[in-house]
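Participant: Contents of final-v5.csv (CSV, C-alpha atoms) are below:
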```csv
chain,number,residue,atom,x,y,z
X,1,MET,CA,60.4,212.5,-165.5
X,2,ASN,CA,63.1,214.1,-167.6
X,3,PRO,CA,66.4,214.8,-165.7
X,4,LEU,CA,66.3,218.3,-167.2
X,5,LEU,CA,63.1,219.1,-165.4
X,6,THR,CA,64.5,217.9,-162.0
X,7,PHE,CA,67.6,220.1,-162.6
X,8,LEU,CA,65.2,222.9,-163.4
X,9,VAL,CA,63.8,222.5,-159.8
X,10,VAL,CA,67.3,222.7,-158.5
X,11,LEU,CA,67.8,225.9,-160.5
X,12,ILE,CA,64.6,227.4,-159.2
X,13,GLY,CA,65.8,226.7,-155.6
X,14,LEU,CA,69.1,228.4,-156.4
X,15,TYR,CA,67.5,231.4,-157.9
X,16,GLY,CA,65.2,231.8,-154.9
X,17,LEU,CA,68.2,231.3,-152.6
X,18,SER,CA,70.1,234.2,-154.2
X,19,THR,CA,67.2,236.7,-154.5
X,20,SER,CA,65.0,236.1,-151.5
X,21,LYS,CA,65.1,238.9,-148.9
X,22,ASN,CA,63.6,236.9,-146.1
X,23,ILE,CA,65.6,234.3,-144.1
X,24,ILE,CA,62.6,231.9,-143.8
X,25,LYS,CA,62.1,232.1,-147.6
X,26,SER,CA,65.8,231.2,-148.0
X,27,VAL,CA,65.2,228.1,-145.8
X,28,PHE,CA,62.3,227.2,-148.1
X,29,CYS,CA,64.6,227.5,-151.1
X,30,VAL,CA,67.1,225.2,-149.6
X,31,THR,CA,64.3,222.7,-149.2
X,32,ILE,CA,63.2,223.2,-152.9
X,33,THR,CA,66.8,222.6,-154.0
X,34,GLU,CA,66.9,219.4,-152.0
X,35,ALA,CA,63.7,218.2,-153.5
X,36,GLY,CA,65.2,218.7,-156.9
X,37,VAL,CA,68.3,216.6,-156.0
X,38,ILE,CA,66.1,213.9,-154.6
X,39,LEU,CA,64.0,213.8,-157.8
X,40,LEU,CA,67.2,213.6,-159.8
X,41,PHE,CA,68.5,210.6,-157.8
X,42,LEU,CA,65.2,208.8,-158.0
X,43,ASN,CA,65.1,209.5,-161.7
X,44,LEU,CA,68.5,208.0,-162.2
X,45,GLY,CA,67.5,204.5,-161.2
X,46,ASN,CA,64.0,204.7,-162.7
X,47,LEU,CA,62.9,202.3,-165.3
X,48,GLU,CA,59.9,202.6,-167.6
X,49,GLY,CA,57.5,199.8,-166.6
X,50,GLY,CA,59.8,198.5,-163.9
X,51,SER,CA,58.2,197.0,-160.7
X,52,ILE,CA,58.9,198.0,-157.1
X,53,PRO,CA,62.0,196.4,-155.6
X,54,ILE,CA,60.2,193.9,-153.5
X,55,PHE,CA,60.7,190.2,-154.2
X,56,ALA,CA,57.7,188.4,-155.8
X,57,GLU,CA,57.3,185.5,-158.2
X,58,GLY,CA,58.3,186.1,-161.7
X,59,LEU,CA,60.2,189.3,-161.0
X,60,VAL,CA,62.4,190.4,-163.9
X,61,ASN,CA,62.6,194.2,-164.1
X,62,ILE,CA,62.9,196.2,-161.0
X,63,VAL,CA,63.6,199.9,-160.2
X,64,ASP,CA,67.1,200.3,-158.8
X,65,PRO,CA,66.7,200.1,-155.0
X,66,LEU,CA,70.0,201.8,-154.2
X,67,PRO,CA,69.0,205.5,-154.9
X,68,GLN,CA,65.8,204.9,-153.1
X,69,ALA,CA,67.6,203.6,-150.0
X,70,LEU,CA,69.9,206.6,-150.1
X,71,MET,CA,67.0,209.1,-150.6
X,72,ILE,CA,65.2,207.8,-147.5
X,73,THR,CA,68.0,208.9,-145.3
X,74,THR,CA,68.3,212.2,-147.3
X,75,ILE,CA,64.6,213.0,-146.6
X,76,VAL,CA,65.0,212.4,-142.9
X,77,ILE,CA,68.2,214.4,-142.7
X,78,GLY,CA,66.6,217.2,-144.8
X,79,SER,CA,63.7,217.5,-142.4
X,80,THR,CA,66.0,217.8,-139.4
X,81,VAL,CA,68.3,220.3,-141.1
X,82,THR,CA,65.3,222.4,-142.1
X,83,ALA,CA,64.1,222.3,-138.4
X,84,LEU,CA,67.6,223.4,-137.3
X,85,ALA,CA,67.6,226.3,-139.7
X,86,LEU,CA,64.1,227.4,-138.7
X,87,MET,CA,65.2,227.3,-135.0
X,88,LEU,CA,68.1,229.5,-135.9
X,89,CYS,CA,65.6,231.9,-137.6
X,90,ILE,CA,63.6,232.1,-134.4
X,91,LYS,CA,66.8,233.0,-132.4
X,92,ILE,CA,67.7,235.6,-135.0
X,93,PHE,CA,64.2,237.1,-134.7
X,94,HIS,CA,64.5,237.2,-130.9
X,95,HIS,CA,67.9,238.9,-131.2
X,96,TYR,CA,67.4,241.4,-134.1
X,97,GLY,CA,63.6,241.7,-134.1
X,98,SER,CA,63.4,240.9,-137.8
X,99,VAL,CA,64.0,238.0,-140.2
X,100,GLU,CA,64.9,240.3,-143.2
X,101,TRP,CA,68.4,239.8,-144.6
X,102,ASP,CA,68.9,243.6,-145.0
X,103,VAL,CA,68.0,244.4,-141.4
X,104,VAL,CA,70.0,241.5,-140.0
X,105,LEU,CA,73.1,242.3,-142.1
X,106,ARG,CA,73.0,246.0,-141.3
X,107,ASP,CA,72.5,245.5,-137.5
X,108,GLY,CA,75.0,242.7,-137.4
X,109,GLY,CA,77.6,244.9,-139.1
X,110,GLU,CA,77.3,247.7,-136.6
X,111,GLU,CA,78.0,245.5,-133.6
F,112,MET,CA,66.8,249.9,-159.8
F,113,VAL,CA,69.2,249.5,-162.7
F,114,SER,CA,71.8,247.7,-160.6
F,115,SER,CA,69.2,245.2,-159.4
F,116,VAL,CA,68.2,244.5,-163.0
F,117,ILE,CA,71.9,243.9,-163.9
F,118,LYS,CA,72.3,241.7,-160.9
F,119,HIS,CA,69.3,239.6,-161.9
F,120,GLY,CA,70.6,239.4,-165.4
F,121,PHE,CA,73.9,238.1,-164.2
F,122,LEU,CA,72.2,235.6,-162.0
F,123,ILE,CA,70.0,234.3,-164.8
F,124,LEU,CA,73.0,234.1,-167.0
F,125,LEU,CA,74.8,232.0,-164.4
F,126,LEU,CA,71.8,229.7,-163.9
F,127,LEU,CA,71.5,229.3,-167.7
F,128,PHE,CA,75.2,228.4,-167.8
F,129,LEU,CA,74.6,225.8,-165.1
F,130,PHE,CA,71.6,224.5,-167.0
F,131,GLY,CA,73.8,224.2,-170.1
F,132,VAL,CA,76.5,222.4,-168.3
F,133,PHE,CA,74.0,219.9,-167.0
F,134,TYR,CA,72.4,219.6,-170.4
F,135,PHE,CA,75.7,218.6,-172.1
F,136,THR,CA,76.8,216.3,-169.3
F,137,MET,CA,73.4,214.5,-169.1
F,138,GLU,CA,74.4,212.1,-171.8
F,139,GLU,CA,77.3,211.0,-169.5
F,140,LEU,CA,74.8,210.0,-166.8
F,141,ASP,CA,73.8,206.9,-168.7
F,142,ILE,CA,77.4,205.9,-169.1
F,143,MET,CA,78.3,206.5,-165.5
F,144,TYR,CA,75.2,204.7,-164.3
F,145,ASP,CA,75.2,201.0,-165.0
F,146,THR,CA,72.7,198.4,-163.9
F,147,PHE,CA,75.3,195.9,-162.5
F,148,ALA,CA,74.5,196.6,-158.9
F,149,LYS,CA,70.8,196.4,-159.6
F,150,ARG,CA,71.2,192.9,-161.1
F,151,TYR,CA,73.4,191.9,-158.2
F,152,TYR,CA,70.7,193.0,-155.7
F,153,LEU,CA,68.0,191.2,-157.7
F,154,LEU,CA,70.0,187.9,-157.9
F,155,ASN,CA,71.6,187.8,-154.4
F,156,GLY,CA,69.6,190.2,-152.3
F,157,LEU,CA,67.2,187.7,-150.8
F,158,GLU,CA,69.8,185.2,-149.8
F,159,ASP,CA,72.2,187.8,-148.4
F,160,THR,CA,69.8,189.9,-146.4
F,161,ALA,CA,66.7,187.7,-146.0
F,162,SER,CA,64.7,190.9,-146.7
F,163,MET,CA,61.9,190.8,-149.2
F,164,ASN,CA,62.1,194.5,-149.5
F,165,LEU,CA,65.4,195.3,-151.2
F,166,VAL,CA,65.5,198.9,-150.0
F,167,THR,CA,65.4,197.7,-146.4
F,168,GLY,CA,67.9,195.1,-147.2
F,169,ILE,CA,70.3,197.7,-148.5
F,170,TYR,CA,70.0,200.2,-145.7
F,171,LEU,CA,70.1,197.5,-142.9
F,172,ASP,CA,72.7,195.2,-144.4
F,173,TYR,CA,74.7,196.2,-147.4
F,174,ARG,CA,75.0,199.9,-146.3
F,175,LEU,CA,74.4,199.7,-142.6
F,176,PHE,CA,77.4,201.9,-142.1
F,177,ASP,CA,75.7,204.8,-143.9
F,178,SER,CA,72.5,204.3,-142.0
F,179,ILE,CA,74.4,204.5,-138.7
F,180,PHE,CA,75.9,207.8,-139.6
F,181,GLU,CA,72.5,209.1,-140.8
F,182,ALA,CA,71.1,208.3,-137.4
F,183,GLY,CA,74.1,210.1,-135.9
F,184,ILE,CA,73.4,213.2,-138.0
F,185,LEU,CA,69.8,213.1,-136.8
F,186,LEU,CA,71.0,212.9,-133.2
F,187,ILE,CA,73.4,215.8,-133.7
F,188,ALA,CA,70.8,218.0,-135.4
F,189,VAL,CA,68.3,217.3,-132.6
F,190,SER,CA,70.9,218.1,-130.0
F,191,GLY,CA,71.7,221.3,-131.8
F,192,ILE,CA,68.1,222.3,-131.9
F,193,ILE,CA,67.6,221.7,-128.2
F,194,TRP,CA,70.8,223.5,-127.4
F,195,ILE,CA,69.9,226.5,-129.5
F,196,SER,CA,66.4,226.7,-128.1
F,197,LYS,CA,67.6,226.8,-124.5
F,198,HIS,CA,66.5,229.9,-122.6
F,199,ASP,CA,68.3,231.8,-119.9
F,200,ILE,CA,65.0,232.6,-118.2
F,201,GLU,CA,63.5,230.1,-115.8
F,202,GLU,CA,61.1,227.9,-117.7
F,203,HIS,CA,58.3,227.6,-115.1
F,204,ASN,CA,54.7,228.2,-116.4
F,205,VAL,CA,55.7,227.5,-120.0
F,206,HIS,CA,52.5,227.4,-122.0
F,207,PHE,CA,52.4,225.8,-125.4
F,208,MET,CA,51.6,227.7,-128.5
F,209,LEU,CA,48.5,225.6,-129.1
F,210,ASP,CA,45.6,227.3,-127.5
F,211,LYS,CA,42.7,225.1,-126.5
F,212,PHE,CA,40.1,227.7,-127.3
F,213,LYS,CA,41.5,228.4,-130.7
F,214,THR,CA,41.6,224.8,-131.8
F,215,PRO,CA,38.2,223.7,-133.4
F,216,ASP,CA,36.3,221.1,-131.4
F,217,LEU,CA,35.8,219.0,-134.4
F,218,PHE,CA,39.5,218.7,-135.0
F,219,VAL,CA,40.2,217.7,-131.4
F,220,MET,CA,37.4,215.1,-131.6
F,221,PHE,CA,38.7,213.6,-134.8
F,222,ALA,CA,42.3,213.7,-133.4
F,223,ARG,CA,41.1,211.5,-130.6
F,224,VAL,CA,39.8,209.0,-133.1
F,225,VAL,CA,42.7,209.1,-135.5
F,226,TYR,CA,45.5,209.1,-132.9
F,227,PRO,CA,45.5,205.4,-132.0
F,228,LEU,CA,45.0,204.5,-135.7
F,229,MET,CA,48.1,206.5,-136.6
F,230,LEU,CA,50.1,204.9,-133.9
F,231,VAL,CA,49.1,201.4,-135.0
F,232,PHE,CA,49.8,202.2,-138.6
F,233,GLY,CA,53.2,203.6,-137.7
F,234,PHE,CA,54.1,200.4,-135.8
F,235,TYR,CA,52.8,198.3,-138.7
F,236,ILE,CA,55.1,200.2,-141.1
F,237,ILE,CA,58.0,199.7,-138.8
F,238,VAL,CA,57.6,196.0,-138.0
F,239,ASN,CA,56.6,195.1,-141.5
F,240,GLY,CA,59.4,197.0,-143.1
F,241,HIS,CA,61.2,194.0,-144.5
F,242,LEU,CA,58.1,192.7,-146.3
F,243,SER,CA,56.3,195.7,-147.6
F,244,PRO,CA,57.2,199.3,-148.4
F,245,GLY,CA,58.3,201.0,-145.2
F,246,GLY,CA,60.9,200.6,-142.5
F,247,GLY,CA,62.2,202.4,-139.5
F,248,PHE,CA,62.6,205.9,-141.0
F,249,GLN,CA,59.2,206.2,-142.5
F,250,GLY,CA,57.4,204.5,-139.6
F,251,GLY,CA,59.2,206.6,-137.1
F,252,ALA,CA,58.0,209.7,-138.8
F,253,ILE,CA,54.4,208.5,-138.7
F,254,VAL,CA,54.7,207.7,-135.0
F,255,ALA,CA,56.1,211.1,-134.3
F,256,THR,CA,53.3,212.8,-136.2
F,257,ALA,CA,50.8,210.8,-134.1
F,258,ILE,CA,52.5,212.1,-131.0
F,259,LEU,CA,52.3,215.7,-132.4
F,260,ILE,CA,48.5,215.2,-132.6
F,261,LEU,CA,48.5,214.3,-129.0
F,262,TYR,CA,49.5,217.9,-128.2
F,263,TYR,CA,46.3,219.1,-129.8
F,264,ILE,CA,44.2,216.7,-127.7
F,265,ASP,CA,45.9,217.8,-124.4
F,266,PRO,CA,47.7,221.2,-124.9
F,267,ASN,CA,48.8,221.3,-121.2
F,268,LYS,CA,50.9,218.2,-121.6
F,269,ASP,CA,54.4,218.9,-120.5
F,270,THR,CA,57.4,216.9,-121.7
F,271,SER,CA,61.0,217.1,-120.9
F,272,THR,CA,63.1,217.4,-124.1
F,273,SER,CA,66.3,216.6,-122.3
F,274,PHE,CA,64.8,213.3,-121.1
F,275,ILE,CA,63.7,212.4,-124.6
F,276,LEU,CA,67.2,213.3,-125.9
F,277,SER,CA,68.8,211.0,-123.2
F,278,ILE,CA,66.6,208.1,-124.3
F,279,GLU,CA,67.5,208.8,-127.9
F,280,LYS,CA,71.2,208.8,-127.1
F,281,ILE,CA,70.9,205.4,-125.4
F,282,VAL,CA,69.0,204.0,-128.3
F,283,PHE,CA,71.7,205.3,-130.7
F,284,ILE,CA,74.4,203.5,-128.6
F,285,ILE,CA,72.3,200.3,-128.7
F,286,ILE,CA,72.0,200.6,-132.5
F,287,VAL,CA,75.8,201.0,-132.9
F,288,VAL,CA,76.6,198.1,-130.5
F,289,PHE,CA,74.0,195.9,-132.2
F,290,ALA,CA,75.4,196.7,-135.6
F,291,MET,CA,78.9,195.8,-134.4
F,292,LEU,CA,77.9,192.4,-133.0
F,293,SER,CA,78.6,190.7,-136.3
F,294,ILE,CA,82.3,191.0,-135.7
F,295,PHE,CA,82.1,188.2,-133.2
F,296,THR,CA,80.0,185.9,-135.5
F,297,LYS,CA,81.1,186.8,-139.0
F,298,GLY,CA,84.4,188.6,-138.6
F,299,THR,CA,83.2,191.8,-140.3
F,300,MET,CA,81.3,194.7,-138.8
F,301,PHE,CA,78.0,196.2,-139.8
F,302,THR,CA,76.1,193.3,-141.2
F,303,ASN,CA,73.6,190.7,-140.1
F,304,PRO,CA,75.1,189.0,-137.0
F,305,PHE,CA,73.1,185.8,-137.3
F,306,THR,CA,75.1,183.1,-139.2
F,307,SER,CA,72.1,180.8,-139.6
F,308,SER,CA,70.9,180.5,-143.2
F,309,ASP,CA,67.3,180.2,-142.1
F,310,ALA,CA,65.4,183.3,-143.2
F,311,GLY,CA,63.2,183.2,-140.1
F,312,VAL,CA,66.2,183.7,-137.8
F,313,GLN,CA,67.8,186.4,-140.0
F,314,THR,CA,64.5,188.3,-140.0
F,315,ILE,CA,64.8,188.8,-136.2
F,316,TYR,CA,67.7,191.1,-136.8
F,317,LEU,CA,65.9,193.1,-139.5
F,318,VAL,CA,62.8,193.6,-137.3
F,319,LEU,CA,64.8,194.5,-134.2
F,320,MET,CA,67.0,197.0,-136.2
F,321,ASN,CA,63.9,198.5,-137.8
F,322,VAL,CA,62.2,198.9,-134.4
F,323,LEU,CA,65.4,200.5,-132.9
F,324,ILE,CA,65.7,203.0,-135.8
F,325,GLY,CA,62.0,203.7,-135.7
F,326,VAL,CA,62.1,204.5,-132.0
F,327,LYS,CA,65.1,206.7,-132.6
F,328,VAL,CA,63.6,208.7,-135.4
F,329,ALA,CA,60.3,209.1,-133.6
F,330,LEU,CA,62.0,210.3,-130.4
F,331,GLY,CA,64.2,212.7,-132.4
F,332,LEU,CA,61.2,214.3,-134.3
F,333,TRP,CA,59.2,214.4,-131.0
F,334,ALA,CA,62.0,216.4,-129.4
F,335,ILE,CA,62.1,218.8,-132.4
F,336,PHE,CA,58.3,219.3,-132.1
F,337,THR,CA,58.5,220.0,-128.4
F,338,ALA,CA,61.4,222.4,-128.8
F,339,PHE,CA,59.4,224.4,-131.4
F,340,LEU,CA,56.2,224.4,-129.3
F,341,ARG,CA,58.2,225.8,-126.4
F,342,GLU,CA,59.4,228.7,-128.6
F,343,GLY,CA,55.9,230.0,-129.3
F,344,ARG,CA,55.1,231.3,-125.9
```
Output the file's structure as structure tokens, nothing else.
Facilitator:
Amino acid sequence: MNPLLTFLVVLIGLYGLSTSKNIIKSVFCVTITEAGVILLFLNLGNLEGGSIPIFAEGLVNIVDPLPQALMITTIVIGSTVTALALMLCIKIFHHYGSVEWDVVLRDGGEE
Amino acid sequence: MVSSVIKHGFLILLLLFLFGVFYFTMEELDIMYDTFAKRYYLLNGLEDTASMNLVTGIYLDYRLFDSIFEAGILLIAVSGIIWISKHDIEEHNVHFMLDKFKTPDLFVMFARVVYPLMLVFGFYIIVNGHLSPGGGFQGGAIVATAILILYYIDPNKDTSTSFILSIEKIVFIIIVVFAMLSIFTKGTMFTNPFTSSDAGVQTIYLVLMNVLIGVKVALGLWAIFTAFLREGR
């Protein structure tokens, strides 16, 4: 996959992050951005026709295992951070009665 | 209306600028990225870590320090979720969001069939992490998903999130202590503590560490599920 396409995914996430009116949609856009970064890192060590980084007989060309090992941890962290953000969304809904940015910012400003 | 169009225009210009910056620095990526580390792992990985799977070898041996802090971030996030989801009201008679009458019977029946298979598959992924694709993080996620299915089978099942969190903290301390053991045998921290060159002996460390990380990830995700299910009363 072309690195430009992966960066396009990041840009789509950033665009959604700055235009979405719903807090939950913003959380989704953070996840999309993260997916783009993960794709970019995996793309960095990728090799056309390379084999998986597991030892076998006659192994010459392998895909770089380092970005893969880093991205495993990123995926796990990303899922938990998304869960934390969604839990905050639930609390915001209980407090303000809405998850729209406009309503939350207006009511939050009055207090 | 007009102002929103102008705002969108500026935003798209900014994103195009970012795209251009990335486009012109993309050539540098090939210069910055060299394959020296890859060749090193390919030549010495099996002797250094005794792990057939190089990815497992990296996150359990070469970069164990990073993995420990990753597990720490997971623990902190789970603690934060549970702390945020605490209620002031007394939590007696808490019913879960999953309604037994709304769940299709077919789904429940197949969940009963699939649940043990998923558990066994998750344990296989964890224990076999040094030989085949897999490891503690992925296997832990599979085991946690299997436990999530358990809530569909028995919606009235009650679990204490604070108890799960306590076990997770203990497991995290065990991981840190186990990773530091190598200072007594090798003089450096965060690597394989077994000095024997026999691959079979060194594999014990990999399997144990994978199991510990798998248990930790599974408990963390289980606590997250339970906290979310509690919210939907």
Participant: Excluding same-chain residues fewer than 3 positions from Phe218 (chain F), what lies within 10 Å of it counting only C-alpha atoms, as a tab-separated table (two decimals) with C-alpha atoms, keeping the file's coordinate frame?
Facilitator:
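Produced file part_39.tsv, reproduced below:
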```
chain	number	residue	atom	x	y	z
F	214	THR	CA	41.60	224.80	-131.80
F	215	PRO	CA	38.20	223.70	-133.40
F	221	PHE	CA	38.70	213.60	-134.80
F	222	ALA	CA	42.30	213.70	-133.40
F	223	ARG	CA	41.10	211.50	-130.60
F	224	VAL	CA	39.80	209.00	-133.10
F	260	ILE	CA	48.50	215.20	-132.60
F	263	TYR	CA	46.30	219.10	-129.80
F	264	ILE	CA	44.20	216.70	-127.70
```
Participant: Hey, what's within 12 Å of region 228-234 of chain F if we count all atoms listed in the file and toss same-chain stuff fewer than 5 positions away? As number ranges by chain, please?
Facilitator: F: 221-223, 239-240, 245-261, 318, 321-326, 328-329
Participant: For chain F against chain X, which residues fall within 9 Å using all atoms listed in the file, given as a VMD selection string?
Facilitator: chain F and resid 119 122 to 123 126 to 127 129 to 130 133 to 134 137 140 to 141 144 146 148 to 150 152 to 153 157 162 to 170 177 to 178 181 to 182 184 to 185 188 to 189 191 to 192 195 to 196 242 to 244 248 to 249 252 328 331 to 332 335 338 to 339 342
Participant: In the coordinate frame of the file, compute which residues have an atom within 10 Å of (66.4, 224.1, -148.6) when using all atoms listed in the file, and state them as number ranges by chain.
Facilitator: X: 13-14, 17, 24-36, 78-79, 81-82, 85
Participant: For a test of reading the model, state the distance in Å between CA of Ile187 (chain F) and CA of Leu276 (chain F), rounded to one decimal.
Facilitator: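 Pair CA of Ile187 (chain F) / CA of Leu276 (chain F) returns 10.3 Å.
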Participant: Between CA of Ile92 (chain X) and CA of Val104 (chain X), what distance in Å does the model show, to one decimal?
Facilitator: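 CA of Val104 (chain X) lies 8.1 Å from CA of Ile92 (chain X).
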Participant: To one decimal in Å, tell me the separation between CA of Leu39 (chain X) and CA of Leu317 (chain F).
Facilitator: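 About the pair CA of Leu39 (chain X) and CA of Leu317 (chain F): they are 27.7 Å apart.
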